[in-house]
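Chemist: Shown below is the structure under consideration.
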Amino acid sequence: MLIDSHVNLHAPQFDSDRVEVIERARAAGIALMVNICDRVSNYPAVRAVAEAPDIWCTVGTHPHEAKENPQLTAHTLCDVARDPKVVGIGETGLDFHYDLSPRDVQAAVFRVHVEAARRTGLPLVVHTREADEVMGQILEEEYARGPFRMLMHCYTSGAELARRAAALGAWFSVSGIATFRTAEDVREVIREMPADRIIVETDCPYLAPVPHRGKRNEPAFLPKVLEKLAEMRGWSLEEAERRTEDAFFALFDRIPRP
Ligand SMILES: [Zn+2]
């Protein structure tokens, strides 16, 4: 089964042809998609896409948007997450590359998401960029306060943070970046990820895999990511598909496995 674990189908880039994009995904064999919430205030639009039986969603606020509500509470997130279509908390985390929200606000809002993941038992969808040391520290501190499950999505950070997160039981997702010619450092880390905790994503409309690089990405391009993962790990395509499917359902365990 092909599963796109991270799509942004509510994004305005899909406003003119969302129905066709979803149809092309199904025609390409994508059996399941998780539409990722970028800010809590946008949840209704995120959830609307997940009306389809093969699309699920999350609730949370991206670190870029953390400033929209520095007072966000775990209670609010947990309340929305009672909706059975919500299968994860996030995406959330730290992005010190763009710094679109103040770093202390990003960190505080991130910890609120951790608390919601702990209370609901749902996986935390983590975005991290140029924040390896602080991210590692917060994950370890929070984990010591009480366990939670986490996905390091579209992982492009360092090997050391990957090891620290893996030691806490983290899952990792691989995106189209793995196909970029210059991304050898990213591939190096992917080769070391725990084999039973790797899944794949497009992160569409961003990060289209080669040979679509530079174009708008869509779920139908996911097989290019899976092919690259299989090649890098020395797995057959069938094995890569089976392994990522097993890992996906172990993590997103609110989704009934067909
Ligand atoms: Zn992200």
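All residue names refer to the structure tokens as shown: chains lettered A, B, ... in order, residues numbered from 1 in each chain, ligands numbered from 1 in order.
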Kindly provide, as a list in words, all nucleotide and amino acid residues lying within 9 Å of ligand 1, counting only C-alpha atoms and all ligand atoms.

Modeler: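 The residues within 9 Å of ligand 1, counting only C-alpha atoms and all ligand atoms, are His6, Asp38, His62, Pro63, Glu91, Thr92, Gly93, Asp95, Val125, Val126, His127, Thr128, Arg129, His153, Cys154, Tyr155 and Asp203 of chain A.
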
Chemist: Quick one: write out the picked residues with N, CA and C atoms as a CSV table (one decimal), in the first residue's frame?

Modeler:
chain,number,residue,atom,x,y,z
A,6,HIS,N,2.2,13.0,4.6
A,6,HIS,CA,2.3,14.4,4.9
A,6,HIS,C,1.9,15.2,3.6
A,38,ASP,N,-1.5,23.4,9.5
A,38,ASP,CA,-0.4,24.3,9.6
A,38,ASP,C,-0.7,25.3,10.7
A,62,HIS,N,2.2,25.1,12.9
A,62,HIS,CA,3.6,25.1,12.4
A,62,HIS,C,4.5,26.1,13.1
A,63,PRO,N,5.8,25.8,13.4
A,63,PRO,CA,6.6,26.8,14.0
A,63,PRO,C,6.6,28.2,13.4
A,91,GLU,N,1.5,20.0,12.3
A,91,GLU,CA,2.9,19.9,12.6
A,91,GLU,C,3.4,21.0,13.5
A,92,THR,N,4.4,20.7,14.3
A,92,THR,CA,4.9,21.6,15.3
A,92,THR,C,6.4,21.5,15.3
A,93,GLY,N,7.1,22.3,16.1
A,93,GLY,CA,8.5,22.2,16.2
A,93,GLY,C,9.2,23.5,16.2
A,95,ASP,N,11.8,26.1,13.8
A,95,ASP,CA,12.5,26.5,12.5
A,95,ASP,C,13.3,27.7,12.8
A,125,VAL,N,3.8,15.3,15.1
A,125,VAL,CA,4.5,15.5,13.8
A,125,VAL,C,5.4,16.7,14.0
A,126,VAL,N,6.7,16.4,14.0
A,126,VAL,CA,7.7,17.4,14.3
A,126,VAL,C,8.4,17.9,13.1
A,127,HIS,N,8.5,19.2,13.0
A,127,HIS,CA,9.3,19.9,12.0
A,127,HIS,C,10.5,20.5,12.6
A,128,THR,N,11.7,20.3,12.1
A,128,THR,CA,12.8,20.9,12.8
A,128,THR,C,13.8,21.3,11.7
A,129,ARG,N,14.3,22.5,11.8
A,129,ARG,CA,15.3,23.1,10.9
A,129,ARG,C,16.2,24.0,11.5
A,153,HIS,N,9.4,14.6,10.7
A,153,HIS,CA,8.9,14.6,9.4
A,153,HIS,C,9.9,15.3,8.4
A,154,CYS,N,10.0,14.8,7.2
A,154,CYS,CA,10.8,15.4,6.2
A,154,CYS,C,12.2,15.6,6.7
A,155,TYR,N,12.8,14.6,7.3
A,155,TYR,CA,14.0,14.9,8.1
A,155,TYR,C,15.2,15.2,7.3
A,203,ASP,N,5.0,16.0,1.3
A,203,ASP,CA,5.0,17.4,1.8
A,203,ASP,C,4.5,18.3,0.7

Chemist: Using DSSP on the backbone coordinates, identify all residues within stretch 18-172 of chain A classified as strand (DSSP E); present the result as number ranges by chain.

Modeler: A: 30-35, 55-59, 86-95, 124-129, 150-152, 171-172

Chemist: What are the DSSP alpha helix (DSSP H) residues of stretch 9-206 of chain A, as a PyMOL selection string?

Modeler: chain A and resi 18-27+43-49+74-80+103-120+132-145+159-167+184-192

Chemist: Just write the chosen residues, C-alpha atoms, as a PDB file, in the first residue's frame.

Modeler:
ATOM      1  CA  ARG A  18      -7.906  19.999  -5.775  1.00  0.00           C
ATOM      2  CA  VAL A  19     -10.399  17.368  -6.965  1.00  0.00           C
ATOM      3  CA  GLU A  20      -8.217  16.432  -9.941  1.00  0.00           C
ATOM      4  CA  VAL A  21      -5.080  16.264  -7.755  1.00  0.00           C
ATOM      5  CA  ILE A  22      -6.809  13.831  -5.376  1.00  0.00           C
ATOM      6  CA  GLU A  23      -8.096  11.793  -8.336  1.00  0.00           C
ATOM      7  CA  ARG A  24      -4.570  11.570  -9.779  1.00  0.00           C
ATOM      8  CA  ALA A  25      -3.276  10.407  -6.380  1.00  0.00           C
ATOM      9  CA  ARG A  26      -5.802   7.572  -6.313  1.00  0.00           C
ATOM     10  CA  ALA A  27      -5.030   6.665  -9.926  1.00  0.00           C
ATOM     11  CA  TYR A  43      -8.294  23.555  11.123  1.00  0.00           C
ATOM     12  CA  PRO A  44     -11.745  23.762   9.469  1.00  0.00           C
ATOM     13  CA  ALA A  45     -10.116  24.001   6.011  1.00  0.00           C
ATOM     14  CA  VAL A  46      -7.707  21.172   6.844  1.00  0.00           C
ATOM     15  CA  ARG A  47     -10.545  18.998   8.126  1.00  0.00           C
ATOM     16  CA  ALA A  48     -12.768  19.715   5.110  1.00  0.00           C
ATOM     17  CA  VAL A  49     -10.262  17.946   2.852  1.00  0.00           C
ATOM     18  CA  ALA A  74      -2.957  21.517  25.195  1.00  0.00           C
ATOM     19  CA  HIS A  75      -6.621  21.518  26.165  1.00  0.00           C
ATOM     20  CA  THR A  76      -7.560  23.223  22.881  1.00  0.00           C
ATOM     21  CA  LEU A  77      -5.548  20.712  20.862  1.00  0.00           C
ATOM     22  CA  CYS A  78      -6.969  17.729  22.779  1.00  0.00           C
ATOM     23  CA  ASP A  79     -10.479  19.047  22.331  1.00  0.00           C
ATOM     24  CA  VAL A  80     -10.130  19.229  18.533  1.00  0.00           C
ATOM     25  CA  ARG A 103      12.271  31.339  19.108  1.00  0.00           C
ATOM     26  CA  ASP A 104      10.917  31.364  22.657  1.00  0.00           C
ATOM     27  CA  VAL A 105       7.358  31.387  21.296  1.00  0.00           C
ATOM     28  CA  GLN A 106       8.184  28.479  18.950  1.00  0.00           C
ATOM     29  CA  ALA A 107       9.599  26.491  21.878  1.00  0.00           C
ATOM     30  CA  ALA A 108       6.674  27.227  24.220  1.00  0.00           C
ATOM     31  CA  VAL A 109       4.064  26.337  21.596  1.00  0.00           C
ATOM     32  CA  PHE A 110       6.040  23.200  20.715  1.00  0.00           C
ATOM     33  CA  ARG A 111       5.941  22.026  24.345  1.00  0.00           C
ATOM     34  CA  VAL A 112       2.174  22.555  24.394  1.00  0.00           C
ATOM     35  CA  HIS A 113       1.903  20.193  21.405  1.00  0.00           C
ATOM     36  CA  VAL A 114       4.074  17.628  23.202  1.00  0.00           C
ATOM     37  CA  GLU A 115       1.687  17.737  26.143  1.00  0.00           C
ATOM     38  CA  ALA A 116      -1.277  17.186  23.789  1.00  0.00           C
ATOM     39  CA  ALA A 117       0.499  14.217  22.169  1.00  0.00           C
ATOM     40  CA  ARG A 118       1.153  12.759  25.607  1.00  0.00           C
ATOM     41  CA  ARG A 119      -2.479  13.184  26.715  1.00  0.00           C
ATOM     42  CA  THR A 120      -4.097  11.899  23.516  1.00  0.00           C
ATOM     43  CA  ASP A 132      19.310  20.529  16.320  1.00  0.00           C
ATOM     44  CA  GLU A 133      20.675  21.277  19.776  1.00  0.00           C
ATOM     45  CA  VAL A 134      17.558  22.951  21.181  1.00  0.00           C
ATOM     46  CA  MET A 135      15.290  20.348  19.572  1.00  0.00           C
ATOM     47  CA  GLY A 136      17.295  17.466  21.058  1.00  0.00           C
ATOM     48  CA  GLN A 137      17.214  19.087  24.453  1.00  0.00           C
ATOM     49  CA  ILE A 138      13.463  19.769  24.455  1.00  0.00           C
ATOM     50  CA  LEU A 139      12.629  16.261  23.198  1.00  0.00           C
ATOM     51  CA  GLU A 140      14.756  14.639  25.903  1.00  0.00           C
ATOM     52  CA  GLU A 141      13.455  16.907  28.664  1.00  0.00           C
ATOM     53  CA  GLU A 142       9.843  16.388  27.671  1.00  0.00           C
ATOM     54  CA  TYR A 143      10.276  12.650  27.207  1.00  0.00           C
ATOM     55  CA  ALA A 144      11.668  12.421  30.728  1.00  0.00           C
ATOM     56  CA  ARG A 145       8.483  14.109  31.992  1.00  0.00           C
ATOM     57  CA  ALA A 159      22.976  12.777  12.295  1.00  0.00           C
ATOM     58  CA  GLU A 160      23.377  13.555  15.976  1.00  0.00           C
ATOM     59  CA  LEU A 161      19.805  14.812  16.430  1.00  0.00           C
ATOM     60  CA  ALA A 162      18.584  11.776  14.444  1.00  0.00           C
ATOM     61  CA  ARG A 163      20.387   9.502  16.917  1.00  0.00           C
ATOM     62  CA  ARG A 164      18.974  11.371  19.914  1.00  0.00           C
ATOM     63  CA  ALA A 165      15.421  11.205  18.534  1.00  0.00           C
ATOM     64  CA  ALA A 166      15.786   7.542  17.521  1.00  0.00           C
ATOM     65  CA  ALA A 167      16.866   6.766  21.091  1.00  0.00           C
ATOM     66  CA  GLU A 184      24.081  13.529  -0.044  1.00  0.00           C
ATOM     67  CA  ASP A 185      24.215  14.546   3.632  1.00  0.00           C
ATOM     68  CA  VAL A 186      20.462  13.886   3.916  1.00  0.00           C
ATOM     69  CA  ARG A 187      20.870  10.453   2.287  1.00  0.00           C
ATOM     70  CA  GLU A 188      23.684   9.609   4.662  1.00  0.00           C
ATOM     71  CA  VAL A 189      21.355  10.121   7.636  1.00  0.00           C
ATOM     72  CA  ILE A 190      18.534   8.163   5.949  1.00  0.00           C
ATOM     73  CA  ARG A 191      20.836   5.143   5.626  1.00  0.00           C
ATOM     74  CA  GLU A 192      21.194   5.108   9.425  1.00  0.00           C
TER      75      GLU A 192
END

Chemist: To one decimal in Å, tell me the separation between atom CA of A:Met152 and atom CA of A:Met193.

Modeler: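 Separation of atom CA of A:Met152 and atom CA of A:Met193: 10.9 Å.
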
Chemist: Env of A:Ala195: 9 Å cut, atoms = only C-alpha atoms, seq-sep filter 6 positions within chain, self excluded. Answer as a list in words.

Modeler: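 In the requested form, the answer reads Arg233, Arg243, Thr244 and Ala247 of chain A.
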
Chemist: Can you list, as a PyMOL selection string, every protein, DNA or RNA residue that comes within 9 Å of A:Glu68 when you count only C-alpha atoms, leaving out same-chain residues fewer than 5 positions away?

Modeler: chain A and resi 39+41+61+101

Chemist: Can those selected residues be exported to a file as an mmCIF file, in the first residue's frame so that it contains C-alpha atoms?

Modeler:
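Output (part.cif):
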data_model
loop_
_atom_site.group_PDB
_atom_site.id
_atom_site.type_symbol
_atom_site.label_atom_id
_atom_site.label_comp_id
_atom_site.auth_asym_id
_atom_site.auth_seq_id
_atom_site.Cartn_x
_atom_site.Cartn_y
_atom_site.Cartn_z
ATOM 1 C CA ARG A 39 -2.263 26.414 12.196
ATOM 2 C CA SER A 41 -7.123 28.634 13.181
ATOM 3 C CA THR A 61 0.432 24.987 14.509
ATOM 4 C CA SER A 101 8.058 33.375 14.941
#
